[in-house]
Each structure stands twice: as structure tokens, then as C-alpha cells.
Amino acid sequence: MVQFANVIVYSYQYLLDPKVAGIISKELPKESVVVFDEAHNIDNVCIEALSVSVRRQTLEGATRNLNRISQEIDRFKATDAGRLRAEYNRLIEGLALRGNLPTTDIWLANPALPDDILKEAVPGNIRRAEHFLHVLRRLVQYLRGRLETENVEKESPVGFLVSINNHAGIDQKTLKFCYDRLHSLMLTLEITDTDEFLHIQTICDFATLIGTYARGFSIIIEPFDERMPHIPDPVLQLCCHDASLAIKPVFDRFQSVVITSGTLSPIDLYPRLLNFHPVVSRSFTMSLTRDCICPMVLTRGSDQLPVSTKFDMRSDPGVVRNYGKLLLELVSVVPDGIVCFFVSYSYMDGIINAWNDHGILKDIMQHKLVFIETQDVVETTLALDNYRRACDCGRGAVFFSVARGKVAEGIDFDRHYGRLVIMFGVPFQYTLSKILLARLEYLRDNFQIKEGDFLTFDALRQAAQCVGRVIRSKADYGMMIFADKRYIFPNSFSITLTSKILNSLIKG
Amino acid sequence: MSGSHSQLAKKAKYKTTIKDPGTPGMLRMTLEKFMFTPQNPKSANKVDMEFRFIKGQKHTKEDPTKEKPPPALLNLTDRQGGSYIFQFDNFSDLQHCRDFVGKVLSKSGEVSERPTVTCADEQLSTAEMELRMKLLQEDSELQKLHRQFVIGGILTEAEFWATRKKLLDREASKKAKQRVGFKSAMLSDIKGSSDGRTNKVTFSLTPEIILQIFAEKPAVHRAFLSFVPNKMSEKDFWTKYFKAEVLHSTKNAVAVAAEAAEDEDLAVFLKRDVILENEARRKIRRVDPTVDMEADEGDDYTHLPDHGIVREGSKEVTESQQELYRRNLSQDINRHAAVVLEGRAVDVELEDTRAIAEALSRSKQVNGESDKDSNQEKLDRISRMTEIEDLHNSHDLPLAPLCIKDPRDYFDSQQANALRSSGDLLPGNEQIKCNLSTHEAYGSLRDSISAIKRGGLKDPIVKPEIAFQVFDALTHSISTTKYNIGRNPQESILDTLPKKTKEELLHHWTSIIELLRHFWSSYPLTTTYLYNKVSKLKDAMSQIYRQLEDIKGTVQADFRHQVSLLVRPMHQVRTFNSSLSKEKDAMVKG
């Protein structure tokens with residue numbers, strides 16, 4: 001199908017995630033024009049594509065998978081030993097010559113793997129199926145041991161490799177081949193229900209990534225979630241910090257790559273993040289025939305106290321009350337739909353509960369029905385559908401949503417579905433997250449991007465993304481309120497933020 | 001109909017002031033008056049009042065959220081400012097009386113102004129009568145016409161309304177009684193009142209609240225149907241329910257789980273609602289495809305386990321055992337809003353809890369049946385949502401339906417006609433002799449023929465100047481009207497007239513239209529009844545024409561010309577009719 005189509009529309013993952021791209025996008029000709037639309041979050045997608053997290057459940061599942069594979073191998077040995085031997089011979093020749101990988105288009109078929117890996121012969125110690133299984137068992141065992149830690153640990157891939165070599169006796173080259181070796185083995189064993197084997201695939205994925213890249217990654221082991229220290233939930237995360245790694249094969253392979261979005265601002269940051277040299281870089285202004293947006297910044301509540309979602313202020317009852325009053329006043333005058341964005345799910349839950357306790361929510365409901373985005377997709381979908389119905393029938397409604405959530409990313413609140421959008425607070429990332437800190441450090445050291453700049457940039461694109469949901473065409477109109485004192489004050493924050501948001505809004 | 005609609009009797013207390021404890025007795029209402037007879041026949045507080053003296057009514061509103069409902073009071077104020085306050089036992093009595101008084105009052109506005117004109121041969125239902133009254137009240141112009149012709153005896157009531165069938169139908173199709181929906185406010189605020197000393201919390205329930213609980217929590221509804229009254233009494237049921245609510249409000253999932261393990265009946269309320277989840281699965285098939293996030297969840301690989309970065313707060317981890325008992329406010333709010341939006345499906349008198357529960361399940365069954373065509377509905381919705389406007393023919397037809405609402409529009413176009421006729425007199429045309437005798441015309445023709453004979457056809461045949469003059473004369477009126485009308489649409493001739501004259505003219509205009517409508521609808525004249533009607537109409541019209549002439553005479557000299565311009569088309573109508581009617585008369589007689 002891919003060969004015959006003129007235009008193909010699909011998710012980023014099909015091109016950026018090495019595991020998927022190898023299956024789906026390998027047949028695209030070199031002359032294809034690749035367009036990344038709505039690419040304001042492309043760096044995050046790239047990073048996600050190369051990140052793996054391992055939990056206890058993963059390891060348990062992987063062990064089960066290994067047992068099943070070993071049974072299969074025994075069965076094949078008894079019935080069809082020739083197959084396994086044929087595979088062994090193929091592996092000596094190198095991965096590239098294997099039946100399932102075409103020799104052409106190697107780059108895209110396996111963008112995560114450097115060229116040499118495909119021509120090299122698979123190391124001798126994992127060529128035989130049983131030996132490979134032994135290696136995997138040792139790896140799983142080793143990871144289990146690492147998860148038992150009491151403290152948060154952070155390590156570089158190089159250090160981790162050394163440790164694996166010492167404790168489990170697996171060298172870097174062996175790890176590098178894990179993913180493809182598993183793939184080959186599963187083909188040989190004619191395993192069709194690949195969904196059952198996700199856990200062991202995750203482990204091999206992890207092994208290959210760690211064996212391939214020496215920089216741009218770090219391994220973080222957390223024994224529990226920071227916000228819930230009493231619940232042990234160890235997780236080992238291999239997180240990618242360098243967005244350019246995943247997108248590099250795309251730049252290398254295709255003649256023209258276009259990155260476009262309404263909210264690429266500042267535009268010069270993207271080439272640095274993705275490590276490429278743009279041939280053409282343009283931003284276009286949108287011409288509006290009338291003032292169809294009314295942006296406002298609200299820094300103080302009705303009692304003249306400043307409002308903000310800054311960490312030290314967000315749980316202040318005064319701020320919560322002021323935000324509630326603001327919404328209450330607006331729901332009583334704005335017709336049709338209103339959308340509110342909060343900085344995170346936990347903050348939204350907290351503030352809704354507080355409003356409920358103070359009776360503010362009840363007052364809001366006197367004017368409009370309230371719908372809330374939850375982490376349950378089905379429920380959110382139904383809530384959205386009901387929200388639209390409420391707007392259609394003229395009753396009007398309020399939708400509570402979360403910046404960076406799925407609704408903020410993909411759902412339009414055009415026309416009467418959104419006449420007002422309120423951004424409660426500035427949607428900064430959770431700055432205490434170990435992963436974010438590691439990434440910031442990497443960006444500072446390697447790309448000379450300051451932590452503050454990156455955080456501001458990130459918050460800004462999210463805010464612009466949220467408020468931009470209400471204006472989807474020139475004929476549309478709506479009001480936007482940024483409710484946080486930091487949208488104006490220059491402390492710790494760029495004074496030009498708001499103007500930047502507005503600029504980027506007008507652009508797109 | 002007349003039994004329930006023309007009179008009504010309710011138990012009530014009569015109060016002279018709000019503070020007055022009130023005299024118990026019987027309140028009777030008929031279409032003409034209301035009477036209050038006290039239980040104690042010796043009591044002086046007897047009331048016998050005709051509705052035509054009553055100006056308006058006020059009443060207290062029901063508020064189920066309050067623990068102690070306010071008294072159901074109805075206050076009727078008369079034209080002198082005095083008031084009659086009645087207190088009812090319950091709100092449904094109040095509502096009946098309120099509706100009744102409302103109807104009577106809207107009618108009596110009419111009644112007091114004129115005697116009802118109903119012909120003996122007409123058997124009209126009260127409802128229809130009311131409808132007509134209402135229409136007349138709403139439209140003063142209609143009322144004027146009605147008074148002029150029906151009461152003036154020119155048209156019968158039936159004839160008058162026959163031409164307005166459409167109006168009546170439209171009005172009648174509106175639902176007589178509006179159904180009250182659910183309140184927007186959440187129920188979460190039925191806070192129990194605790195007496196502070198003991199650990200006891202008291203909740204009060206009204207049928208309204210019960211209905212809402214059933215609608216929002218299908219599990220409770222089902223539990224009620226299966227438990228009450230076989231397994232436990234209604235009181236026990238609600239006690240258990242509120243116990244569960246209180247447990248939830250502590251937000252301690254572990255404690256909830258522990259309680260549920262002990263008492264399996266209680267567990268019904270504590271567990272997550274399975275019915276809701278099934279319903280959600282069913283409903284998700286019908287959502288707007290543009291917001292269906294569930295459908296494209298598989299598009300990216302981030303939902304797979306262990307893939308990508310565990311984002312802040314995006315994946316919550318809790319023990320599965322307790323997960324069953326977790327419930328959050330967001331879900332409740334969403335559910336509440338959805339129920340409010342669906343509206344009330346049950347239309348029964350809210351008295352018995354059992355009845356409510358059963359009615360609700362009946363209405364759900366009906367909904368369930370309608371789900372069968374949900375597939376088709378979904379397809380329709382998809383095609384509607386994914387419609388690309390550019391690829392469609394424009395929907396609007398090339399015709400605009402004719403609809404003259406404002407007679408002034410007609411005047412304006414008549415003005416154009418008037419100008420056209422007066423355009424003949426404009427300078428530039430003066431040289432052209434318009435009235436030629438036959439002889440002269442013949443002579444001119446001969447002249448030109450002989451001229452052509454002499455010199456052959458000239459080139460050009462027609463002199464450009466003459467052609468231009470002819471063209472100009474022909475198009476003049478068109479261009480000038482356009483010019484005049486387009487320039488200042490507000491200032492039609494009508495608006496330059498004095499207000500009084502203008503109104504009179506407009507009124508006559510609508511009258512003539514009305515009469516003509518009946519006039520033409522009577523053709524062909526097959527019966528003597530119709531003949532009589534037509535002649536009556538003709539008389540009425542000629543009267544109006546006389547009045548029009550009078551208007552012409554009374555207005556100031558400046559306006560006289562304009563008025564006559566306006567009146568002329570109306571007269572044209574007259575001449576047209578009268579000649580035609582004569583013809584037809586002759587036909588009938590012959």
C-alpha cells in the first residue's frame with residue numbers, strides 16, 4: 001500500500017520510533033517530502049520514541065516470556081531442528097542479509113542502529129537460541145537486582161554497561177544485538193501472538209539502546225514515586241535527552257523535511273533542539289479582518305491579591321478562591337462554551353475539590369454545566385461529547401482540562417464550543433522530576449540552552465497550544481485570559497512571554 | 001374538559017397578611033371568579049371576588065434543597081392594590097391554582113374589554129378559545145382587526161379565524177405545559193445536618209432528590225428495585241446509602257474497602273458502578289467522531305506499557321483491590337452534567353419512591369430500544385461532521401420565498417410606480433408630442449415613407465439623438481426610483497407624513513387587505529350566503545375608501561399630493577374589484 005499511495009498521513013511514531021518505522025515506513029522512496037505538522041512537540045515525541053521504562057511487572061512478564069520461548073525452542077528441537085540451524089547460519093552472515101531485512105533502504109528500516117551493526121556478524125555468544133535465552137535471563141536477573149535499590153540512582157549508559165559487564169557478564173556488543181536477535185528468533189519460532197511478548201521486547205529494546213548510544217541518555221532508578229513515598233513502585237528508566245537522535249535518520253534519508261506548526265516559537269530553538277540546519281525558515285503573520293481575539297492577563301483576584309500557580313502559592317486558599325471567583329463571574333456573563341486549562345491533573349483535582357467544599361462549584365453550576373477531563377479516555381470522550389451537546393442546545397457549559405493533556409493537544413473548541421478560554425497558571429513542567437533535571441543538564445552542556453530558557457519555552461508553547469484551541473478560523477472569535485501574575489512580572493520569567501504567546505497565536 | 005378546566009377546588013388557608021396564621025377552608029375557582037369558604041361558617045373571612053378585578057399573581061417557589069420547605073403561598077393582587085393570600089398544603093395544589101389563575105387572567109384581559117362574540121352555531125372547545133384569546137392578546141394589530149370586523153359584524157368569528165388556520169396550528173403545537181428539568185446544581189450538597197452532640201447525622205430526602213439519585217447512579221436504582229421492600233425497608237435502604245456516601249466523603253479508599261468487606265449490602269453502594277461502565281461503552285459508539293479520543297488511542301504507541309517516559313501524573317498506580325472503591329469528584333460531576341443534559345425522562349407525580357424507580361426503568365427501556373438504530377445515527381453523524389463544505393453545492397435555492405410582512409414595503413414599490421407615471425412629464429420629453437390624432441399620425445407616417453422613397457434609407461436609420469431620447473424616457477422611471485429608494489430607504493413618502501395620518505393609512509391598508517382576502521376567498525359566488533357576505537364586504541370596503549378620501553381632504557396641502565399617490569393604488573384595487581364583482585354578480589344572477 002505504501003508504495004502505491006501519493007499521500008500518506010500517519011502518526012509521528014511511524015517514522016520516528018525505530019521499532020515501528022522498520023515495519024511501516026521502510027518502503028518510502030528517498031524523494032518523498034516529509035511534513036511534520038503541528039510539530040511544536042516534536043522534540044518530546046523524539047525523546048519518547050527512544051525512552052524505555054522498566055518496572056517490576058515488566059521483569060516478571062519478561063521471565064514468563066522467556067519460559068515460553070524456551071518451551072518453544074525445545075519443541076522445535078524435537079520436531080524441526082533444521083530451522084534453528086538455518087537461522088544460526090544466517091546470523092553468521094550478518095543481520096543485513098537476513099531474510100526479513102531487505103538490503104536496500106537499510107537506514108530507514110532500522111534508523112536507531114548505526115550502519116555497521118547491520119553488516120556485522122551477530123556475536124557468537126547469542127547465535128544459538130539457547131545461549132541467547134541465557135543472556136536474556138541474566139540481564140533480567142541483573143535488572144531485578146538493580147530495582148531493589150533504596151535510593152534514587154542516576155547513571156550514564158557507559159557506567160551502566162560496565163556494571164552489567166561486571167555483574168552479569170554481558171558485553172556492550174551483545175546488548176546491541178539483542179533487539180534484532182529476539183526479532184529473528186521469534187520469526188524462526190513462528191510466534192504470532194507478538195502482543196504477548198511485549199515485556200521481553202521492552203527488555204531487548206532497552207538492551208539495544210543502551211548498547212548503541214554512549215551519550216544522550218541516562219538511566220534513572222527511582223524506588224518510589226516522589227509524591228507517594230509510602231507506596232514502593234520501583235522503576236528503572238532509560239531516558240533519552242537528545243531529540244536529534246531519533247529524527248536524524250529522517251533528515252539523513254529524505255530530501256525534503258518540513259517542520260510546521262502554528263506555535264513554533266521561538267523558531268530558532270527548534271534547529272538547536274533537533275540539531276539540523278534549516279534551509280528555509282519562515283514565520284508568517286496572520287491577517288485578521290477584525291479583532292476576533294481578546295487576550296487578557298489577570299494578575300490579581302477581586303481582592304487585589306496576586307494569583308499564581310507558583311509552587312509556594314498554588315495551595316493558598318486565597319488564590320484558590322480568587323480563581324473560583326474569576327470563573328464564577330465569567331460563567332455568569334459569557335455565552336456558550338468556556339474552556340479552562342489547569343497546569344496538571346493533580347492541581348485540577350485539588351482545586352475542584354476545594355471549590356466544591358467552598359460551594360463555588362455549586363454556584364458555577366447554577367450558570368453552566370461542568371464537564372471535566374479525566375485520565376480515563378472513555379470518560380473524557382463522553383464528557384466532551386456531552387459538552388458539545390450542551391453548547392449546541394444553547395445551555396452552555398464549562399470544560400475543565402489540563403495543559404499537556406490529550407484534550408489540549410487534539411480537540412478543537414471552535415465557534416460556540418469555546419467563546420472563552422482561561423489558562424489558570426503557567427504550565428511549567430514538573431521541575432522536580434529527575435528526568436527533566438537530567439534533560440535540562442544535558443541541554444545546557446551540549447546545546448548551550450539555559451534551563452530557564454527551555455522551561456519558559458516549553459511552558460509558553462503549552463499555554464499557546466491551550467488558548468489557541470478556541471480560535472480555529474478567521475470568522476471565529478473568543479476571549480483568552482491568562483490568570484497568573486507571572487505572565488506580567490519579569491521575575492524568573494521572561495517579560496515578553498505574553499507578547500510571544502500572542503504573536504504565536506496570531507501566526508496560527 | 002370543562003370538569004377540570006373551568007373550575008377547581010383546593011384546600012387552602014386564607015391569610016389577610018403574610019404573618020396571619022390563616023383561616024382554613026376551601027378555595028374554589030371558576031372562570032369568572034374565585035370564592036373562599038372558611039371551614040368555620042361563622043368566620044368573617046369569606047371571599048367572593050371576580051377575576052376581572054384581579055391584576056396579577058405571585059407565588060412562592062419550591063426549593064427542595066432546603067430542609068424546611070417554604071410555605072406554598074399564592075398572592076392575588078387586585079387593581080386597587082389589595083391582596084388575597086392563600087396558603088396551600090403542598091406545592092402541587094399551588095401549581096394547579098397558579099396555572100388556572102394564569103389562564104383566567106390572560107382571558108379576562110380580553111373579557112373585560114369586550115363581550116365575547118361566539119356564534120351560537122359554533123361549538124368551540126375552551127382550549128381553542130383560549131388559544132385565540134392568546135393570539136389576540138399578543139398581536140395588537142390582529143386585535144384591532146378582530147374588533148373592527150368581527151365585533152362590527154362584517155365577518156363572523158369562524159370566517160375571521162379560517163384564514164388564520166396556520167397561526168392557530170402553530171400555536172397549538174406548542175406544548176401546553178413545560179416539563180421541568182433537573183437542576184444544574186449538584187446533589188453532592190445534600191449535607192446531613194448533625195445535631196452536634198451525638199454522632200448522628202440526619203439527611204432529608206424529597207422525591208425530587210430521589211429521582212436524581214436514581215438517574216445519576218444506576219447501581220442504586222437497581223439495588224432499590226431488588227432490595228426494597230423484600231430485603232429491607234425503604235428507610236434502611238437510604239440509611240445504608242448515606243452511610244456509603246459519608247464513607248466516600250472521607251476519601252479513604254482503604255477504610256471503604258474494609259467496610260465493604262464486612263457488609264455486602266453496603267458494598268453495592270461503595271463499589272464502582274458497573275452499569276455506568278457498560279453504559280459508557282454503549283454510548284461511546286455514538287459520540288461525535290471529531291471528539292472521539294478513544295478511537296484514536298491506538299494511533300500512537302504511548303499507551304503501551306513501559307514505553308516512553310512515565311510522565312508526571314499521567315499514570316497512576318494504586319492497588320487494584322482498592323481501585324474498585326475509589327471514586328472521584330470529577331466522575332461524579334461529569335455524570336451529573338450528563339444526566340442533567342439528558343433531561344428528565346420521567347413524567348409522573350413524584351410521590352412514591354417505588355413509582356419513581358419503576359418509571360425510570362421504563363423510560364430506560366424505551367431508550368434501550370432506540371439504541372438499535374444507533375448505528376445508522378452514527379453513520380449520519382459521521383457524514384455530517386466530516387462534510388467538506390467546499391465540495392458541496394450551495395444549499396440555498398435560487399428562489400426567495402415571497403413574504404410581505406410590512407405593508408410599507410408595498411407602499412415603497414407603489415411609490416416607484418407612481419414616479420414612473422409622473423416621469424412622463426419630465427423635461428426632455430416635452431418636445432415629443434405625446435397625443436397625436438390619427439390623422440396627424442398618418443400624416444407623419446406618410447411623410448417619413450415619402451422621405452425614405454426620396455432619399456433611400458439613411459445610415460443610421462434612427463437618429464442617435466432620438467434613440468437616446470426614447471431610451472432615456474423608457475428607462476427614466478426605473479433609474480429614478482432606484483436612485484430615490486437606494487439613497488434613503490428610511491425616508492419613504494409614508495415617513496414624511498404626520499404620524500397620525502401614517503397610522504391611519506397603515507390601518508386602512510391592513511383592513512383592506514383583510515377584507516380583500518375574505519372577498520376573494522368567497523369566489524365563486526355559488527350560494528346566497530356567499531353573495532351576502534361579498535356585498536357586506538363590499539360595503540365595508542367602500543366605507544374605508546370614503547375614509548381614505550377624508551384623509552386626503554384633511555391632510556395639509558403639502559402632503560396631499562403624496563397621500564393621493566399612496567391612496568391611488570388602494571383605489572385601483574377598488575375599481576378592479578368592483579368591476580369584477582359586478583361581473584360575477586351578473587353571472588350569479590344570470
# chains A, B, ... in the order shown; residues from 1 in each chain; ligands from 1
call {"tool": "residues_around", "arguments": {"residues": "Trp355 in chain A", "least_positions_apart": "3", "cutoff": "10 Å", "atoms": "only C-alpha atoms", "output": "number ranges by chain"}}
result
A: 317, 320-321, 323-325, 349-352, 358-364
call {"tool": "residues_around", "arguments": {"residues": "range 75-83 of chain B", "least_positions_apart": "2", "cutoff": "7 Å", "atoms": "only C-alpha atoms", "output": "list in words"}}
result
Phe53, Ile54, Lys55, Gly56, Gln57, Lys58, His59, Leu73, Ile85 and Phe86 of chain B
call {"tool": "write_last_selection", "arguments": {"atoms": "C-alpha atoms", "output": "compact mmCIF listing (two decimals), in the first residue's frame"}}
result
# COMPACT_ATOMS: atom_id res chain seq x y z
CA PHE B 53 -60.68 42.84 39.27
CA ILE B 54 -57.52 40.83 39.72
CA LYS B 55 -54.39 42.29 38.27
CA GLY B 56 -51.77 39.68 38.86
CA GLN B 57 -50.49 36.85 40.99
CA LYS B 58 -47.34 35.95 42.88
CA HIS B 59 -46.33 32.67 44.42
CA LEU B 73 -48.29 30.78 49.11
CA ILE B 85 -53.03 35.41 50.19
CA PHE B 86 -53.76 31.71 50.21
call {"tool": "closest_residue", "arguments": {"among": "B:Ile551, B:Ile333, B:Leu505, B:Ala441", "to": "chain A", "atoms": "only C-alpha atoms"}}
result
B:Ile333
call {"tool": "closest_residue", "arguments": {"among": "A:Tyr417, A:Tyr88, A:Phe254, A:Phe447", "to": "chain B", "atoms": "only C-alpha atoms"}}
result
A:Tyr417
call {"tool": "decode", "arguments": {"residues": "range 262-275 of chain A", "atoms": "all heavy atoms", "output": "PDB file, in the first residue's frame"}}
result
ATOM      1  N   GLY A 262       1.537  25.968  14.186  1.00  0.00           N
ATOM      2  CA  GLY A 262       1.099  27.328  14.491  1.00  0.00           C
ATOM      3  C   GLY A 262       1.854  27.926  15.663  1.00  0.00           C
ATOM      4  O   GLY A 262       1.880  29.138  15.844  1.00  0.00           O
ATOM      5  N   THR A 263       2.465  27.075  16.449  1.00  0.00           N
ATOM      6  CA  THR A 263       3.078  27.589  17.679  1.00  0.00           C
ATOM      7  C   THR A 263       4.559  27.218  17.779  1.00  0.00           C
ATOM      8  O   THR A 263       5.026  26.830  18.827  1.00  0.00           O
ATOM      9  CB  THR A 263       2.318  27.070  18.903  1.00  0.00           C
ATOM     10  OG1 THR A 263       1.982  25.709  18.684  1.00  0.00           O
ATOM     11  CG2 THR A 263       1.066  27.845  19.140  1.00  0.00           C
ATOM     12  N   LEU A 264       5.298  27.341  16.679  1.00  0.00           N
ATOM     13  CA  LEU A 264       6.747  27.107  16.736  1.00  0.00           C
ATOM     14  C   LEU A 264       7.419  28.411  17.148  1.00  0.00           C
ATOM     15  O   LEU A 264       7.834  29.195  16.315  1.00  0.00           O
ATOM     16  CB  LEU A 264       7.287  26.713  15.363  1.00  0.00           C
ATOM     17  CG  LEU A 264       7.018  25.317  14.847  1.00  0.00           C
ATOM     18  CD1 LEU A 264       7.661  25.158  13.496  1.00  0.00           C
ATOM     19  CD2 LEU A 264       7.564  24.282  15.801  1.00  0.00           C
ATOM     20  N   SER A 265       7.497  28.632  18.424  1.00  0.00           N
ATOM     21  CA  SER A 265       8.043  29.913  18.823  1.00  0.00           C
ATOM     22  C   SER A 265       8.861  29.740  20.096  1.00  0.00           C
ATOM     23  O   SER A 265       8.379  29.149  21.047  1.00  0.00           O
ATOM     24  CB  SER A 265       6.898  30.886  19.058  1.00  0.00           C
ATOM     25  OG  SER A 265       7.348  32.011  19.745  1.00  0.00           O
ATOM     26  N   PRO A 266      10.078  30.186  20.223  1.00  0.00           N
ATOM     27  CA  PRO A 266      10.841  30.869  19.175  1.00  0.00           C
ATOM     28  C   PRO A 266      11.344  29.873  18.133  1.00  0.00           C
ATOM     29  O   PRO A 266      11.797  28.784  18.487  1.00  0.00           O
ATOM     30  CB  PRO A 266      11.999  31.478  19.943  1.00  0.00           C
ATOM     31  CG  PRO A 266      12.142  30.626  21.150  1.00  0.00           C
ATOM     32  CD  PRO A 266      10.801  30.085  21.480  1.00  0.00           C
ATOM     33  N   ILE A 267      11.274  30.293  16.913  1.00  0.00           N
ATOM     34  CA  ILE A 267      11.511  29.348  15.825  1.00  0.00           C
ATOM     35  C   ILE A 267      12.965  28.888  15.775  1.00  0.00           C
ATOM     36  O   ILE A 267      13.269  27.795  15.309  1.00  0.00           O
ATOM     37  CB  ILE A 267      11.036  29.977  14.488  1.00  0.00           C
ATOM     38  CG1 ILE A 267      10.743  28.881  13.463  1.00  0.00           C
ATOM     39  CG2 ILE A 267      12.048  30.966  13.970  1.00  0.00           C
ATOM     40  CD1 ILE A 267       9.938  29.366  12.296  1.00  0.00           C
ATOM     41  N   ASP A 268      13.886  29.703  16.299  1.00  0.00           N
ATOM     42  CA  ASP A 268      15.302  29.341  16.198  1.00  0.00           C
ATOM     43  C   ASP A 268      15.709  28.276  17.205  1.00  0.00           C
ATOM     44  O   ASP A 268      16.806  27.734  17.138  1.00  0.00           O
ATOM     45  CB  ASP A 268      16.172  30.591  16.384  1.00  0.00           C
ATOM     46  CG  ASP A 268      15.850  31.279  17.698  1.00  0.00           C
ATOM     47  OD1 ASP A 268      14.656  31.365  18.031  1.00  0.00           O
ATOM     48  OD2 ASP A 268      16.773  31.718  18.395  1.00  0.00           O
ATOM     49  N   LEU A 269      14.824  27.964  18.151  1.00  0.00           N
ATOM     50  CA  LEU A 269      15.188  26.961  19.153  1.00  0.00           C
ATOM     51  C   LEU A 269      15.075  25.537  18.584  1.00  0.00           C
ATOM     52  O   LEU A 269      15.815  24.644  18.992  1.00  0.00           O
ATOM     53  CB  LEU A 269      14.284  27.111  20.375  1.00  0.00           C
ATOM     54  CG  LEU A 269      14.749  26.453  21.663  1.00  0.00           C
ATOM     55  CD1 LEU A 269      16.128  26.947  22.043  1.00  0.00           C
ATOM     56  CD2 LEU A 269      13.781  26.755  22.791  1.00  0.00           C
ATOM     57  N   TYR A 270      14.178  25.372  17.643  1.00  0.00           N
ATOM     58  CA  TYR A 270      13.949  24.018  17.131  1.00  0.00           C
ATOM     59  C   TYR A 270      15.157  23.432  16.398  1.00  0.00           C
ATOM     60  O   TYR A 270      15.507  22.265  16.648  1.00  0.00           O
ATOM     61  CB  TYR A 270      12.687  23.979  16.266  1.00  0.00           C
ATOM     62  CG  TYR A 270      11.436  24.008  17.094  1.00  0.00           C
ATOM     63  CD1 TYR A 270      10.860  25.211  17.477  1.00  0.00           C
ATOM     64  CD2 TYR A 270      10.853  22.837  17.542  1.00  0.00           C
ATOM     65  CE1 TYR A 270       9.728  25.239  18.278  1.00  0.00           C
ATOM     66  CE2 TYR A 270       9.728  22.853  18.335  1.00  0.00           C
ATOM     67  CZ  TYR A 270       9.169  24.054  18.700  1.00  0.00           C
ATOM     68  OH  TYR A 270       8.049  24.070  19.491  1.00  0.00           O
ATOM     69  N   PRO A 271      15.814  24.203  15.515  1.00  0.00           N
ATOM     70  CA  PRO A 271      17.020  23.640  14.897  1.00  0.00           C
ATOM     71  C   PRO A 271      18.070  23.233  15.930  1.00  0.00           C
ATOM     72  O   PRO A 271      18.756  22.228  15.754  1.00  0.00           O
ATOM     73  CB  PRO A 271      17.536  24.779  14.025  1.00  0.00           C
ATOM     74  CG  PRO A 271      16.350  25.597  13.733  1.00  0.00           C
ATOM     75  CD  PRO A 271      15.466  25.489  14.928  1.00  0.00           C
ATOM     76  N   ARG A 272      18.147  23.964  17.012  1.00  0.00           N
ATOM     77  CA  ARG A 272      19.135  23.599  18.030  1.00  0.00           C
ATOM     78  C   ARG A 272      18.732  22.321  18.751  1.00  0.00           C
ATOM     79  O   ARG A 272      19.559  21.438  18.991  1.00  0.00           O
ATOM     80  CB  ARG A 272      19.278  24.734  19.042  1.00  0.00           C
ATOM     81  CG  ARG A 272      20.113  25.890  18.480  1.00  0.00           C
ATOM     82  CD  ARG A 272      19.871  27.147  19.248  1.00  0.00           C
ATOM     83  NE  ARG A 272      20.588  27.160  20.524  1.00  0.00           N
ATOM     84  CZ  ARG A 272      20.362  28.068  21.480  1.00  0.00           C
ATOM     85  NH1 ARG A 272      19.434  28.991  21.302  1.00  0.00           N
ATOM     86  NH2 ARG A 272      21.037  28.047  22.592  1.00  0.00           N
ATOM     87  N   LEU A 273      17.452  22.226  19.069  1.00  0.00           N
ATOM     88  CA  LEU A 273      16.995  21.030  19.771  1.00  0.00           C
ATOM     89  C   LEU A 273      17.121  19.780  18.905  1.00  0.00           C
ATOM     90  O   LEU A 273      17.465  18.710  19.387  1.00  0.00           O
ATOM     91  CB  LEU A 273      15.525  21.196  20.185  1.00  0.00           C
ATOM     92  CG  LEU A 273      15.243  22.052  21.404  1.00  0.00           C
ATOM     93  CD1 LEU A 273      13.741  22.223  21.565  1.00  0.00           C
ATOM     94  CD2 LEU A 273      15.822  21.420  22.655  1.00  0.00           C
ATOM     95  N   LEU A 274      16.831  19.944  17.630  1.00  0.00           N
ATOM     96  CA  LEU A 274      16.810  18.774  16.754  1.00  0.00           C
ATOM     97  C   LEU A 274      18.125  18.622  15.990  1.00  0.00           C
ATOM     98  O   LEU A 274      18.283  17.684  15.207  1.00  0.00           O
ATOM     99  CB  LEU A 274      15.650  18.869  15.769  1.00  0.00           C
ATOM    100  CG  LEU A 274      14.261  18.934  16.404  1.00  0.00           C
ATOM    101  CD1 LEU A 274      13.198  19.108  15.343  1.00  0.00           C
ATOM    102  CD2 LEU A 274      13.980  17.672  17.202  1.00  0.00           C
ATOM    103  N   ASN A 275      19.030  19.583  16.184  1.00  0.00           N
ATOM    104  CA  ASN A 275      20.370  19.502  15.606  1.00  0.00           C
ATOM    105  C   ASN A 275      20.354  19.372  14.081  1.00  0.00           C
ATOM    106  O   ASN A 275      20.817  18.386  13.519  1.00  0.00           O
ATOM    107  CB  ASN A 275      21.121  18.313  16.243  1.00  0.00           C
ATOM    108  CG  ASN A 275      22.596  18.429  15.981  1.00  0.00           C
ATOM    109  OD1 ASN A 275      23.082  19.505  15.622  1.00  0.00           O
ATOM    110  ND2 ASN A 275      23.313  17.329  16.147  1.00  0.00           N
TER     111      ASN A 275
END
